[in-house]
file start_23.cif (mmCIF, C-alpha atoms)
data_structure
loop_
_atom_site.label_atom_id
_atom_site.label_comp_id
_atom_site.auth_asym_id
_atom_site.auth_seq_id
_atom_site.Cartn_x
_atom_site.Cartn_y
_atom_site.Cartn_z
CA MET A 1 -80.34 -105.80 112.24
CA ASN A 2 -82.78 -108.47 113.40
CA MET A 3 -85.98 -107.05 114.83
CA LYS A 4 -87.92 -108.63 117.65
CA VAL A 5 -90.78 -110.73 116.33
CA SER A 6 -93.33 -108.38 117.91
CA ASP A 7 -91.65 -105.35 116.31
CA GLU A 8 -91.62 -107.09 112.93
CA VAL A 9 -95.38 -107.67 113.18
CA TRP A 10 -95.89 -103.99 114.07
CA VAL A 11 -93.72 -102.81 111.17
CA ALA A 12 -95.50 -105.11 108.71
CA THR A 13 -98.91 -103.81 109.81
CA ALA A 14 -97.76 -100.17 109.77
CA LEU A 15 -96.45 -100.60 106.24
CA LEU A 16 -99.77 -102.06 105.12
CA HIS A 17 -101.59 -99.03 106.57
CA ARG A 18 -99.27 -96.64 104.74
CA GLU A 19 -99.32 -98.58 101.47
CA GLN A 20 -103.10 -99.03 101.47
CA PRO A 21 -104.49 -95.93 103.23
CA SER A 22 -108.03 -96.58 102.00
CA ARG A 23 -108.24 -99.71 104.14
CA SER A 24 -108.82 -99.66 107.88
CA SER A 25 -107.72 -103.20 108.74
CA PHE A 26 -106.11 -106.31 107.31
CA GLU A 27 -106.42 -110.08 107.34
CA PRO A 28 -103.84 -111.95 109.45
CA ALA A 29 -102.55 -113.63 106.28
CA GLU A 30 -101.85 -110.19 104.75
CA ILE A 31 -99.80 -109.16 107.77
CA ARG A 32 -97.94 -112.46 107.64
CA ALA A 33 -97.16 -111.99 103.93
CA ARG A 34 -95.96 -108.41 104.52
CA ALA A 35 -93.69 -109.64 107.32
CA GLN A 36 -92.26 -112.25 104.97
CA ALA A 37 -91.63 -109.55 102.36
CA LEU A 38 -89.33 -107.77 104.83
CA HIS A 39 -86.80 -110.57 104.22
CA PRO A 40 -88.00 -112.44 101.08
CA THR A 41 -84.96 -114.72 100.78
CA GLN A 42 -85.35 -116.10 104.29
CA PRO A 43 -88.05 -118.36 105.74
CA LEU A 44 -90.84 -116.82 107.77
CA ARG A 45 -89.59 -116.32 111.29
CA ALA A 46 -90.79 -118.68 113.99
CA GLY A 47 -93.33 -117.00 116.22
CA ILE A 48 -94.77 -114.63 113.61
CA ASN A 49 -98.17 -116.38 113.55
CA PRO A 50 -98.77 -116.50 117.33
CA HIS A 51 -97.73 -112.86 117.60
CA ILE A 52 -100.19 -111.84 114.86
CA TYR A 53 -103.07 -113.90 116.22
CA LEU A 54 -102.48 -113.53 119.95
CA HIS A 55 -99.37 -112.02 121.52
CA CYS A 56 -99.67 -108.53 119.96
CA VAL A 57 -103.47 -108.19 120.15
CA ALA A 58 -104.57 -105.65 122.76
CA ASN A 59 -108.14 -106.88 123.21
CA LEU A 60 -107.36 -110.57 123.75
CA PRO A 61 -106.30 -112.15 127.06
CA PRO A 62 -102.50 -112.36 127.25
CA ASN A 63 -100.62 -115.64 127.01
CA THR A 64 -97.07 -114.86 128.25
CA ALA A 65 -96.83 -111.60 126.24
CA THR A 66 -98.77 -108.39 127.02
CA TYR A 67 -98.17 -106.29 123.90
CA ARG A 68 -100.88 -103.90 122.65
CA MET A 69 -99.58 -103.40 119.13
CA LEU A 70 -102.65 -104.65 117.25
CA PHE A 71 -106.39 -104.34 117.70
CA ARG A 72 -108.77 -107.06 116.57
CA LEU A 73 -112.05 -106.01 114.97
CA GLU A 74 -115.35 -107.87 115.03
CA ASP A 75 -114.67 -109.44 111.64
CA LYS A 76 -111.32 -110.78 112.98
CA THR A 77 -109.26 -108.43 110.84
CA LEU A 78 -106.51 -106.45 112.54
CA ARG A 79 -105.17 -102.90 112.59
CA LEU A 80 -102.61 -101.03 114.67
CA TYR A 81 -103.67 -100.19 118.21
CA ARG A 82 -104.76 -96.63 118.95
CA ARG A 83 -104.91 -94.90 122.30
CA GLY A 84 -108.42 -95.25 123.59
CA ASP A 85 -108.97 -98.72 122.13
CA PRO A 86 -110.23 -101.12 124.79
CA SER A 87 -107.50 -103.42 126.11
CA ASN A 88 -107.70 -106.65 128.03
CA PRO A 89 -107.05 -105.93 131.75
CA GLY A 90 -103.97 -108.13 131.61
CA ARG A 91 -102.37 -105.87 128.96
CA LEU A 92 -102.90 -102.38 130.36
CA THR A 93 -99.16 -101.69 130.64
CA GLY A 94 -98.18 -103.49 127.44
CA ARG A 95 -96.04 -101.78 124.82
CA VAL A 96 -97.97 -100.33 121.86
CA LYS A 97 -95.07 -99.71 119.45
CA PRO A 98 -91.39 -100.63 119.06
CA LEU A 99 -88.55 -98.71 120.66
CA GLU A 100 -86.64 -96.59 118.16
CA LYS A 101 -83.34 -98.28 118.99
CA ASP A 102 -84.83 -101.68 118.17
CA LEU A 103 -85.77 -100.77 114.59
CA PRO A 104 -83.53 -100.64 111.51
CA LEU A 105 -82.94 -97.09 110.31
CA GLU A 106 -85.22 -97.46 107.29
CA HIS A 107 -88.24 -98.30 109.49
CA ARG A 108 -87.78 -95.67 112.21
CA PRO A 109 -89.84 -93.01 110.35
CA LEU A 110 -92.86 -95.26 110.91
CA LEU A 111 -92.79 -94.28 114.59
CA GLY A 112 -93.25 -90.58 113.74
CA TRP A 113 -96.02 -91.41 111.26
CA TYR A 114 -97.76 -93.51 113.92
CA ASP A 115 -97.59 -90.80 116.60
CA LYS A 116 -98.50 -87.80 114.42
CA GLU A 117 -100.88 -89.32 111.88
CA PHE A 118 -102.27 -92.71 112.73
CA ASP A 119 -102.67 -92.32 116.49
CA GLU A 120 -102.67 -88.56 117.13
CA ARG A 121 -105.32 -87.78 114.51
CA VAL A 122 -107.87 -89.99 116.25
CA THR A 123 -106.81 -88.86 119.72
CA GLN A 124 -107.27 -85.20 118.73
CA ALA A 125 -110.70 -85.98 117.29
CA GLN A 126 -111.65 -87.53 120.62
CA ALA A 127 -110.41 -84.41 122.43
CA ASP A 128 -112.51 -82.18 120.15
CA VAL A 129 -115.59 -84.19 121.05
CA GLU A 130 -114.84 -83.88 124.77
CA ASP A 131 -114.45 -80.08 124.46
CA ASP A 132 -117.69 -79.60 122.50
CA PRO A 133 -120.80 -79.62 124.74
CA ILE A 134 -122.99 -80.91 121.92
CA LEU A 135 -120.65 -83.52 120.50
CA GLY A 136 -120.03 -84.69 124.06
CA PHE A 137 -123.43 -86.37 124.04
CA ILE A 138 -122.07 -88.88 121.52
CA GLY A 139 -120.33 -90.82 124.26
CA LEU A 140 -123.54 -91.45 126.14
CA GLY A 141 -124.51 -94.24 123.77
CA LYS A 142 -121.15 -96.00 123.48
CA GLU A 143 -122.32 -99.15 125.29
CA VAL A 144 -125.25 -99.48 122.90
CA TRP A 145 -122.98 -98.75 119.94
CA GLN A 146 -120.58 -101.53 120.99
CA GLY A 147 -123.51 -103.85 121.59
CA LEU A 148 -124.54 -103.36 117.96
CA GLY A 149 -121.14 -104.57 116.79
CA GLY A 150 -118.84 -101.58 117.27
CA GLY A 151 -117.99 -98.62 115.06
CA ASP A 152 -115.58 -100.39 112.71
CA ALA A 153 -118.03 -103.21 111.99
CA ILE A 154 -120.96 -100.85 111.42
CA LEU A 155 -118.97 -98.61 109.05
CA ARG A 156 -117.90 -101.67 107.05
CA TRP A 157 -121.54 -102.68 106.70
CA LEU A 158 -122.66 -99.18 105.67
CA ARG A 159 -119.92 -98.94 103.01
CA SER A 160 -120.40 -102.44 101.63
CA ASP A 161 -121.45 -102.88 97.99
CA ASP A 162 -122.76 -106.37 98.73
CA PRO A 163 -126.58 -106.34 98.51
CA ASN A 164 -126.67 -109.36 100.83
CA ALA A 165 -124.50 -107.75 103.51
CA ARG A 166 -126.13 -107.95 106.94
CA PRO A 167 -125.76 -105.40 109.74
CA PRO A 168 -123.27 -106.59 112.37
CA TRP A 169 -125.81 -106.72 115.18
CA THR A 170 -127.62 -109.60 113.44
CA ASP A 171 -124.61 -111.88 113.96
CA ASN A 172 -122.65 -111.68 117.19
CA SER A 173 -120.69 -114.87 116.64
CA ALA A 174 -117.43 -112.97 116.13
CA SER A 175 -117.78 -111.08 119.41
CA ALA A 176 -118.32 -114.36 121.25
CA SER A 177 -114.90 -115.64 120.27
CA THR A 178 -112.14 -115.43 122.88
CA ALA A 179 -108.46 -116.20 122.95
CA TRP A 180 -107.89 -119.92 122.89
CA SER A 181 -106.03 -121.87 125.59
CA PRO A 182 -104.96 -125.51 125.30
CA SER A 183 -107.09 -128.08 127.08
CA ALA A 184 -105.44 -130.15 129.81
CA THR A 185 -107.93 -132.95 129.14
CA ALA A 186 -107.30 -133.13 125.39
CA THR A 187 -104.38 -135.00 123.86
CA PHE A 188 -101.32 -133.21 122.58
CA TRP A 189 -102.38 -133.72 118.98
CA GLU A 190 -105.98 -132.70 119.62
CA ASN A 191 -104.66 -129.38 120.89
CA VAL A 192 -102.39 -129.00 117.85
CA ARG A 193 -105.30 -129.68 115.50
CA GLU A 194 -107.40 -127.12 117.34
CA LEU A 195 -104.61 -124.57 116.81
CA ARG A 196 -104.76 -125.30 113.08
CA ASN A 197 -108.55 -125.09 113.01
CA ARG A 198 -108.39 -121.66 114.64
CA GLY A 199 -105.70 -120.39 112.28
CA LEU A 200 -103.18 -119.94 115.09
CA LEU A 201 -100.69 -122.32 113.51
CA PRO A 202 -99.47 -122.36 109.89
CA ARG A 203 -99.82 -125.47 107.77
CA ARG A 204 -96.10 -126.16 108.12
CA TRP A 205 -94.81 -125.35 111.57
CA ARG A 206 -91.88 -125.74 113.91
CA VAL A 207 -91.62 -126.53 117.60
CA ALA A 208 -90.89 -122.83 118.20
CA ASP A 209 -94.38 -122.05 116.85
CA LEU A 210 -95.98 -124.42 119.36
CA LYS A 211 -94.16 -123.35 122.50
CA PRO A 212 -95.85 -120.00 123.17
CA LEU A 213 -99.26 -121.57 122.52
CA LEU A 214 -98.96 -124.84 124.44
CA SER A 215 -96.55 -123.98 127.27
CA SER A 216 -99.38 -123.47 129.77
CA VAL A 217 -100.18 -127.20 129.60
CA TYR A 218 -97.03 -128.98 128.37
CA SER A 219 -93.41 -128.80 129.46
CA SER A 220 -90.77 -127.52 127.06
CA ASN A 221 -89.31 -131.04 126.90
CA THR A 222 -92.68 -132.51 125.86
CA ILE A 223 -93.20 -129.91 123.12
CA ASN A 224 -89.64 -130.50 121.90
CA THR A 225 -89.86 -134.29 121.69
CA VAL A 226 -93.44 -135.30 120.84
CA PRO A 227 -93.44 -134.03 117.22
CA ALA A 228 -90.13 -135.75 116.36
CA ASN A 229 -91.22 -139.00 117.99
CA SER A 230 -94.54 -139.00 116.12
CA ALA A 231 -93.14 -138.04 112.70
CA VAL A 232 -92.27 -139.81 109.48
CA ALA A 233 -90.51 -138.51 106.37
CA SER A 234 -92.58 -137.54 103.32
CA ASP A 235 -92.09 -141.02 101.83
CA GLY A 236 -93.03 -142.78 105.08
CA SER A 237 -89.44 -143.58 106.05
CA GLU A 238 -87.42 -142.40 109.04
CA PRO A 239 -90.11 -143.00 111.68
CA GLY A 240 -89.75 -141.36 115.07
CA ASP A 241 -89.34 -143.42 118.24
CA TYR A 242 -93.05 -143.54 118.98
CA VAL A 243 -93.89 -144.66 115.45
CA ARG A 244 -91.17 -147.32 115.48
CA LYS A 245 -92.82 -148.79 118.59
CA GLY A 246 -96.15 -149.17 116.78
CA GLY A 247 -97.71 -145.77 117.37
CA ARG A 248 -99.64 -143.91 114.70
CA PRO A 249 -97.66 -141.22 112.88
CA GLU A 250 -99.23 -137.81 113.37
CA VAL A 251 -97.00 -135.56 111.28
CA VAL A 252 -94.85 -135.54 108.19
CA ARG A 253 -91.34 -134.13 108.49
CA VAL A 254 -91.17 -131.95 105.38
CA ASP A 255 -87.76 -130.50 106.28
CA ARG A 256 -85.42 -130.46 109.20
CA GLY A 257 -87.49 -129.34 112.16
CA LEU A 258 -90.47 -128.48 109.92
CA TYR A 259 -93.67 -130.49 110.37
CA GLU A 260 -97.10 -130.85 108.83
CA LEU A 261 -100.10 -132.76 110.19
CA ILE A 262 -100.72 -135.89 108.14
CA ASP A 263 -104.46 -135.25 108.10
CA ASP A 264 -104.23 -131.46 107.64
CA PRO A 265 -107.05 -130.46 105.24
CA GLU A 266 -104.73 -128.15 103.28
CA ARG A 267 -102.24 -130.96 102.79
CA GLN A 268 -104.92 -133.34 101.61
CA ALA A 269 -106.27 -130.77 99.16
CA ALA A 270 -102.84 -130.05 97.68
#
call {"tool": "encode", "arguments": {"input": "start_23.cif", "output": "C-alpha coordinates"}}
result
Amino acid sequence: MNMKVSDEVWVATALLHREQPSRSSFEPAEIRARAQALHPTQPLRAGINPHIYLHCVANLPPNTATYRMLFRLEDKTLRLYRRGDPSNPGRLTGRVKPLEKDLPLEHRPLLGWYDKEFDERVTQAQADVEDDPILGFIGLGKEVWQGLGGGDAILRWLRSDDPNARPPWTDNSASASTAWSPSATATFWENVRELRNRGLLPRRWRVADLKPLLSSVYSSNTINTVPANSAVASDGSEPGDYVRKGGRPEVVRVDRGLYELIDDPERQAA
(Lines of atoms letter the chains of each structure in order from A and count residues from 1; the text may use other names and numbers.)
(Lines give C-alpha, C1' and ligand atoms only; values in the text may rest on other atoms or scores of the structure.)
Protein backbone atom coordinates (compact mmCIF):
# COMPACT_ATOMS: atom_id res chain seq x y z
CA MET A 1 0.00 0.00 0.00
CA ASN A 2 1.49 3.32 -1.08
CA MET A 3 0.95 6.09 1.44
CA LYS A 4 0.42 9.70 0.53
CA VAL A 5 3.64 11.67 0.76
CA SER A 6 2.25 13.76 3.63
CA ASP A 7 1.23 10.62 5.52
CA GLU A 8 4.67 9.10 4.98
CA VAL A 9 6.29 12.19 6.52
CA TRP A 10 3.91 11.95 9.51
CA VAL A 11 4.63 8.24 9.99
CA ALA A 12 8.40 8.78 9.76
CA THR A 13 8.25 11.54 12.39
CA ALA A 14 5.95 9.54 14.66
CA LEU A 15 8.31 6.57 14.50
CA LEU A 16 11.25 8.80 15.44
CA HIS A 17 9.31 10.06 18.48
CA ARG A 18 8.53 6.50 19.58
CA GLU A 19 12.02 5.17 18.90
CA GLN A 20 13.78 8.09 20.61
CA PRO A 21 11.40 9.20 23.39
CA SER A 22 14.08 11.26 25.13
CA ARG A 23 14.17 13.69 22.21
CA SER A 24 11.54 16.35 21.61
CA SER A 25 12.28 17.17 17.97
CA PHE A 26 14.33 16.09 14.97
CA GLU A 27 16.38 17.52 12.13
CA PRO A 28 14.71 17.48 8.69
CA ALA A 29 17.46 15.15 7.45
CA GLU A 30 16.57 12.64 10.20
CA ILE A 31 12.92 12.63 9.13
CA ARG A 32 13.98 12.22 5.51
CA ALA A 33 16.23 9.27 6.41
CA ARG A 34 13.46 7.62 8.44
CA ALA A 35 11.06 8.03 5.52
CA GLN A 36 13.62 6.38 3.24
CA ALA A 37 13.94 3.50 5.71
CA LEU A 38 10.23 2.74 5.24
CA HIS A 39 11.13 1.40 1.78
CA PRO A 40 14.94 0.96 1.75
CA THR A 41 15.13 -0.74 -1.66
CA GLN A 42 13.34 2.10 -3.44
CA PRO A 43 14.51 5.66 -4.13
CA LEU A 44 13.29 8.45 -1.88
CA ARG A 45 9.87 9.51 -3.06
CA ALA A 46 9.53 12.74 -4.98
CA GLY A 47 7.99 15.43 -2.82
CA ILE A 48 9.32 14.17 0.53
CA ASN A 49 11.63 17.18 1.01
CA PRO A 50 9.08 19.93 0.29
CA HIS A 51 6.57 18.19 2.55
CA ILE A 52 9.10 18.04 5.40
CA TYR A 53 10.29 21.61 5.00
CA LEU A 54 7.04 23.31 4.02
CA HIS A 55 3.83 21.51 3.12
CA CYS A 56 3.33 19.69 6.46
CA VAL A 57 4.53 22.49 8.76
CA ALA A 58 1.69 24.08 10.73
CA ASN A 59 3.41 27.35 11.59
CA LEU A 60 4.59 28.26 8.08
CA PRO A 61 2.49 29.97 5.41
CA PRO A 62 0.93 27.37 3.11
CA ASN A 63 2.05 26.87 -0.47
CA THR A 64 -0.71 24.76 -2.11
CA ALA A 65 -0.97 22.35 0.86
CA THR A 66 -2.44 23.24 4.28
CA TYR A 67 -1.41 20.26 6.42
CA ARG A 68 -0.62 20.76 10.13
CA MET A 69 1.27 17.52 10.71
CA LEU A 70 4.57 19.03 11.87
CA PHE A 71 5.56 21.95 14.06
CA ARG A 72 8.78 23.87 13.48
CA LEU A 73 10.76 24.98 16.52
CA GLU A 74 13.00 28.02 16.84
CA ASP A 75 16.11 25.97 16.07
CA LYS A 76 14.45 24.74 12.83
CA THR A 77 14.02 21.20 14.11
CA LEU A 78 10.60 19.59 13.75
CA ARG A 79 8.20 17.53 15.83
CA LEU A 80 4.63 16.31 15.39
CA TYR A 81 1.94 18.96 15.74
CA ARG A 82 -0.02 19.10 18.99
CA ARG A 83 -3.39 20.69 19.60
CA GLY A 84 -2.77 24.15 20.92
CA ASP A 85 0.34 24.75 18.83
CA PRO A 86 0.08 28.03 16.92
CA SER A 87 -0.83 27.55 13.26
CA ASN A 88 -0.53 29.87 10.31
CA PRO A 89 -3.97 31.40 9.59
CA GLY A 90 -3.97 29.74 6.18
CA ARG A 91 -3.77 26.27 7.77
CA LEU A 92 -6.42 26.42 10.49
CA THR A 93 -8.49 23.62 8.92
CA GLY A 94 -5.53 21.54 7.76
CA ARG A 95 -5.30 17.85 8.61
CA VAL A 96 -3.03 17.02 11.59
CA LYS A 97 -2.69 13.25 11.10
CA PRO A 98 -3.40 10.60 8.45
CA LEU A 99 -6.74 8.89 8.01
CA GLU A 100 -6.71 5.31 9.29
CA LYS A 101 -7.79 3.92 5.92
CA ASP A 102 -4.81 5.58 4.24
CA LEU A 103 -2.20 3.83 6.39
CA PRO A 104 -0.84 0.29 6.04
CA LEU A 105 -2.00 -1.98 8.85
CA GLU A 106 1.39 -2.01 10.58
CA HIS A 107 1.37 1.79 11.01
CA ARG A 108 -2.23 2.27 12.16
CA PRO A 109 -1.37 1.83 15.88
CA LEU A 110 0.58 5.09 15.60
CA LEU A 111 -2.74 6.95 15.40
CA GLY A 112 -3.83 5.62 18.83
CA TRP A 113 -0.41 6.42 20.31
CA TYR A 114 -0.64 9.95 18.92
CA ASP A 115 -4.13 10.60 20.30
CA LYS A 116 -3.67 9.01 23.74
CA GLU A 117 -0.01 9.71 24.49
CA PHE A 118 1.66 12.30 22.33
CA ASP A 119 -1.23 14.74 21.90
CA GLU A 120 -3.65 13.95 24.74
CA ARG A 121 -1.01 14.06 27.48
CA VAL A 122 -0.17 17.68 26.67
CA THR A 123 -3.80 18.64 26.11
CA GLN A 124 -4.75 17.24 29.53
CA ALA A 125 -1.89 19.12 31.16
CA GLN A 126 -3.22 22.32 29.59
CA ALA A 127 -6.71 21.52 30.94
CA ASP A 128 -5.29 20.99 34.44
CA VAL A 129 -3.70 24.42 34.30
CA GLU A 130 -6.97 26.02 33.20
CA ASP A 131 -8.86 24.36 36.09
CA ASP A 132 -6.32 25.41 38.74
CA PRO A 133 -6.76 29.04 39.87
CA ILE A 134 -3.08 29.35 40.75
CA LEU A 135 -1.60 27.60 37.75
CA GLY A 136 -3.93 29.66 35.58
CA PHE A 137 -1.69 32.67 36.11
CA ILE A 138 0.97 30.93 34.00
CA GLY A 139 -0.80 31.91 30.80
CA LEU A 140 -0.60 35.60 31.59
CA GLY A 141 3.01 35.75 30.50
CA LYS A 142 2.80 33.66 27.32
CA GLU A 143 3.53 36.60 25.00
CA VAL A 144 6.68 37.41 26.94
CA TRP A 145 7.63 33.73 27.03
CA GLN A 146 7.32 33.47 23.24
CA GLY A 147 9.24 36.71 22.85
CA LEU A 148 12.13 35.12 24.72
CA GLY A 149 12.28 32.30 22.19
CA GLY A 150 9.46 29.96 23.19
CA GLY A 151 9.26 27.08 25.65
CA ASP A 152 10.98 24.45 23.51
CA ALA A 153 13.97 26.70 22.79
CA ILE A 154 14.35 27.76 26.42
CA LEU A 155 14.19 24.18 27.71
CA ARG A 156 16.85 23.14 25.20
CA TRP A 157 19.10 25.92 26.48
CA LEU A 158 18.52 25.02 30.15
CA ARG A 159 19.30 21.33 29.51
CA SER A 160 22.35 21.95 27.33
CA ASP A 161 25.75 20.66 28.49
CA ASP A 162 27.52 23.16 26.23
CA PRO A 163 29.21 25.83 28.41
CA ASN A 164 29.05 28.23 25.46
CA ALA A 165 25.32 27.75 24.87
CA ARG A 166 23.48 31.08 24.73
CA PRO A 167 19.89 31.70 25.85
CA PRO A 168 17.53 31.83 22.87
CA TRP A 169 16.49 35.43 23.45
CA THR A 170 20.02 36.60 22.58
CA ASP A 171 19.60 35.43 18.98
CA ASN A 172 16.27 35.87 17.25
CA SER A 173 17.55 35.10 13.77
CA ALA A 174 15.64 31.80 13.63
CA SER A 175 12.33 33.45 14.49
CA ALA A 176 12.85 35.98 11.71
CA SER A 177 12.87 33.28 9.06
CA THR A 178 9.69 32.76 7.05
CA ALA A 179 8.56 30.35 4.41
CA TRP A 180 10.29 31.05 1.14
CA SER A 181 8.52 31.93 -2.11
CA PRO A 182 10.19 32.11 -5.53
CA SER A 183 11.02 35.54 -6.86
CA ALA A 184 9.37 36.63 -10.10
CA THR A 185 12.33 38.93 -10.80
CA ALA A 186 15.00 36.25 -10.34
CA THR A 187 15.96 33.77 -13.04
CA PHE A 188 14.76 30.20 -12.97
CA TRP A 189 18.18 28.96 -11.88
CA GLU A 190 18.62 31.67 -9.26
CA ASN A 191 15.40 30.43 -7.66
CA VAL A 192 16.60 26.82 -7.82
CA ARG A 193 19.89 27.75 -6.18
CA GLU A 194 18.02 29.59 -3.45
CA LEU A 195 15.99 26.44 -2.81
CA ARG A 196 19.24 24.52 -2.36
CA ASN A 197 20.70 27.20 -0.10
CA ARG A 198 17.63 26.99 2.13
CA GLY A 199 17.69 23.20 2.26
CA LEU A 200 14.31 22.90 0.53
CA LEU A 201 15.74 20.86 -2.33
CA PRO A 202 18.02 17.79 -2.11
CA ARG A 203 21.37 17.75 -3.86
CA ARG A 204 19.96 15.45 -6.53
CA TRP A 205 16.42 16.32 -7.48
CA ARG A 206 13.68 15.71 -9.99
CA VAL A 207 11.19 17.99 -11.69
CA ALA A 208 8.54 16.66 -9.30
CA ASP A 209 10.55 18.16 -6.42
CA LEU A 210 10.52 21.59 -8.08
CA LYS A 211 6.85 21.81 -9.02
CA PRO A 212 5.30 22.41 -5.58
CA LEU A 213 7.97 25.01 -4.80
CA LEU A 214 8.09 26.97 -8.07
CA SER A 215 4.54 26.64 -9.42
CA SER A 216 3.51 30.06 -8.10
CA VAL A 217 5.90 31.71 -10.58
CA TYR A 218 6.48 29.22 -13.42
CA SER A 219 4.11 27.16 -15.54
CA SER A 220 4.21 23.38 -15.36
CA ASN A 221 5.57 23.31 -18.92
CA THR A 222 8.46 25.62 -17.98
CA ILE A 223 9.39 23.53 -14.93
CA ASN A 224 9.20 20.37 -17.03
CA THR A 225 11.41 21.59 -19.89
CA VAL A 226 14.01 24.02 -18.51
CA PRO A 227 16.08 21.44 -16.57
CA ALA A 228 16.30 19.03 -19.54
CA ASN A 229 17.18 21.83 -21.95
CA SER A 230 19.93 23.13 -19.66
CA ALA A 231 21.46 19.75 -18.79
CA VAL A 232 24.46 17.72 -19.85
CA ALA A 233 25.43 14.15 -18.99
CA SER A 234 28.07 13.53 -16.31
CA ASP A 235 30.79 13.35 -18.98
CA GLY A 236 29.62 16.55 -20.69
CA SER A 237 27.87 14.75 -23.54
CA GLU A 238 24.18 14.71 -24.47
CA PRO A 239 23.58 18.45 -24.15
CA GLY A 240 20.02 19.73 -23.89
CA ASP A 241 18.52 21.97 -26.56
CA TYR A 242 19.52 25.19 -24.82
CA VAL A 243 23.11 24.03 -24.35
CA ARG A 244 23.36 22.88 -27.97
CA LYS A 245 22.43 26.42 -29.02
CA GLY A 246 25.33 27.89 -27.05
CA GLY A 247 23.75 28.33 -23.63
CA ARG A 248 25.58 27.56 -20.41
CA PRO A 249 24.77 24.17 -18.89
CA GLU A 250 23.28 24.55 -15.44
CA VAL A 251 22.79 20.95 -14.34
CA VAL A 252 24.26 17.50 -14.71
CA ARG A 253 21.90 14.67 -15.59
CA VAL A 254 23.05 11.98 -13.15
CA ASP A 255 20.26 9.57 -14.10
CA ARG A 256 17.09 9.60 -16.09
CA GLY A 257 15.10 12.56 -14.82
CA LEU A 258 17.55 13.12 -11.93
CA TYR A 259 19.53 16.37 -11.89
CA GLU A 260 22.25 18.08 -9.90
CA LEU A 261 23.41 21.69 -10.13
CA ILE A 262 26.83 21.88 -11.76
CA ASP A 263 28.03 24.41 -9.19
CA ASP A 264 26.32 22.78 -6.18
CA PRO A 265 28.76 23.08 -3.23
CA GLU A 266 28.11 19.48 -2.16
CA ARG A 267 28.94 18.24 -5.64
CA GLN A 268 32.14 20.24 -5.77
CA ALA A 269 33.20 18.94 -2.36
CA ALA A 270 32.57 15.31 -3.29
call {"tool": "closest_residue", "arguments": {"input": "start_23.cif", "among": "A:Glu27, A:Glu117, A:Glu194, A:Glu250", "to": "A:Ser181", "atoms": "all atoms listed in the file"}}
result
A:Glu194
call {"tool": "resolve_selection", "arguments": {"input": "start_23.cif", "expression": "the PyMOL selection byres ((chain A and resi 59-72) around 8)", "output": "JSON, numbers by chain"}}
result
{"A": [6, 10, 52, 54, 55, 56, 57, 58, 73, 74, 76, 77, 78, 79, 80, 81, 82, 85, 86, 87, 88, 89, 90, 91, 93, 94, 95, 96, 97, 178, 179, 212, 213]}
call {"tool": "residues_near_point", "arguments": {"input": "start_23.cif", "point": "(-100.0, -131.1, 125.8)", "cutoff": "8 Å", "atoms": "all atoms listed in the file", "output": "ChimeraX atom specification"}}
result
/A:182-184,186-189,191,214,217-219,222-223
call {"tool": "residues_near_point", "arguments": {"input": "start_23.cif", "point": "(-90.4, -140.0, 120.2)", "cutoff": "9 Å", "atoms": "all atoms listed in the file", "output": "number ranges by chain"}}
result
A: 225-231, 240-244
call {"tool": "closest_residue", "arguments": {"input": "start_23.cif", "among": "A:Leu258, A:Val11, A:Leu16, A:Val251", "to": "A:Pro43", "atoms": "only C-alpha atoms"}}
result
A:Leu258
call {"tool": "resolve_selection", "arguments": {"input": "start_23.cif", "expression": "the PyMOL selection byres ((chain A and resi 36) around 12)", "output": "PyMOL selection string"}}
result
chain A and resi 5+8-9+11-13+29-35+37-46+48-49
call {"tool": "closest_residue", "arguments": {"input": "start_23.cif", "among": "A:Leu261, A:Ser237, A:Asn224, A:Arg248", "to": "A:Arg204", "atoms": "all atoms listed in the file"}}
result
A:Leu261
call {"tool": "closest_residue", "arguments": {"input": "start_23.cif", "among": "A:Lys101, A:Phe26, A:Lys245, A:Met3", "to": "A:Asp75", "atoms": "all atoms listed in the file"}}
result
A:Phe26
call {"tool": "atom_distance", "arguments": {"input": "start_23.cif", "atom1": "atom CA of A:Arg253", "atom2": "atom CA of A:Ser234"}}
result
6.3 Å
call {"tool": "resolve_selection", "arguments": {"input": "start_23.cif", "expression": "the PyMOL selection byres ((chain A and resi 199) around 10)", "output": "ChimeraX atom specification"}}
result
/A:28-29,49-50,53,193-198,200-203
call {"tool": "write_last_selection", "arguments": {"input": "start_23.cif", "atoms": "C-alpha atoms", "output": "PDB file, in the coordinates of the input"}}
result
ATOM      1  CA  PRO A  28    -103.840-111.950 109.450  1.00  0.00           C
ATOM      2  CA  ALA A  29    -102.550-113.630 106.280  1.00  0.00           C
ATOM      3  CA  ASN A  49     -98.170-116.380 113.550  1.00  0.00           C
ATOM      4  CA  PRO A  50     -98.770-116.500 117.330  1.00  0.00           C
ATOM      5  CA  TYR A  53    -103.070-113.900 116.220  1.00  0.00           C
ATOM      6  CA  ARG A 193    -105.300-129.680 115.500  1.00  0.00           C
ATOM      7  CA  GLU A 194    -107.400-127.120 117.340  1.00  0.00           C
ATOM      8  CA  LEU A 195    -104.610-124.570 116.810  1.00  0.00           C
ATOM      9  CA  ARG A 196    -104.760-125.300 113.080  1.00  0.00           C
ATOM     10  CA  ASN A 197    -108.550-125.090 113.010  1.00  0.00           C
ATOM     11  CA  ARG A 198    -108.390-121.660 114.640  1.00  0.00           C
ATOM     12  CA  LEU A 200    -103.180-119.940 115.090  1.00  0.00           C
ATOM     13  CA  LEU A 201    -100.690-122.320 113.510  1.00  0.00           C
ATOM     14  CA  PRO A 202     -99.470-122.360 109.890  1.00  0.00           C
ATOM     15  CA  ARG A 203     -99.820-125.470 107.770  1.00  0.00           C
TER      16      ARG A 203
END
call {"tool": "atom_distance", "arguments": {"input": "start_23.cif", "atom1": "atom CA of A:Gly257", "atom2": "atom CA of A:Arg206"}}
result
5.9 Å
call {"tool": "residues_around", "arguments": {"input": "start_23.cif", "residues": "A:Leu110", "least_positions_apart": "3", "cutoff": "8 Å", "atoms": "only C-alpha atoms", "output": "NGL selection string"}}
result
:A and (11 or 14-15 or 107 or 113-114)
call {"tool": "atom_distance", "arguments": {"input": "start_23.cif", "atom1": "atom CA of A:Arg18", "atom2": "atom CA of A:Glu106"}}
result
14.3 Å
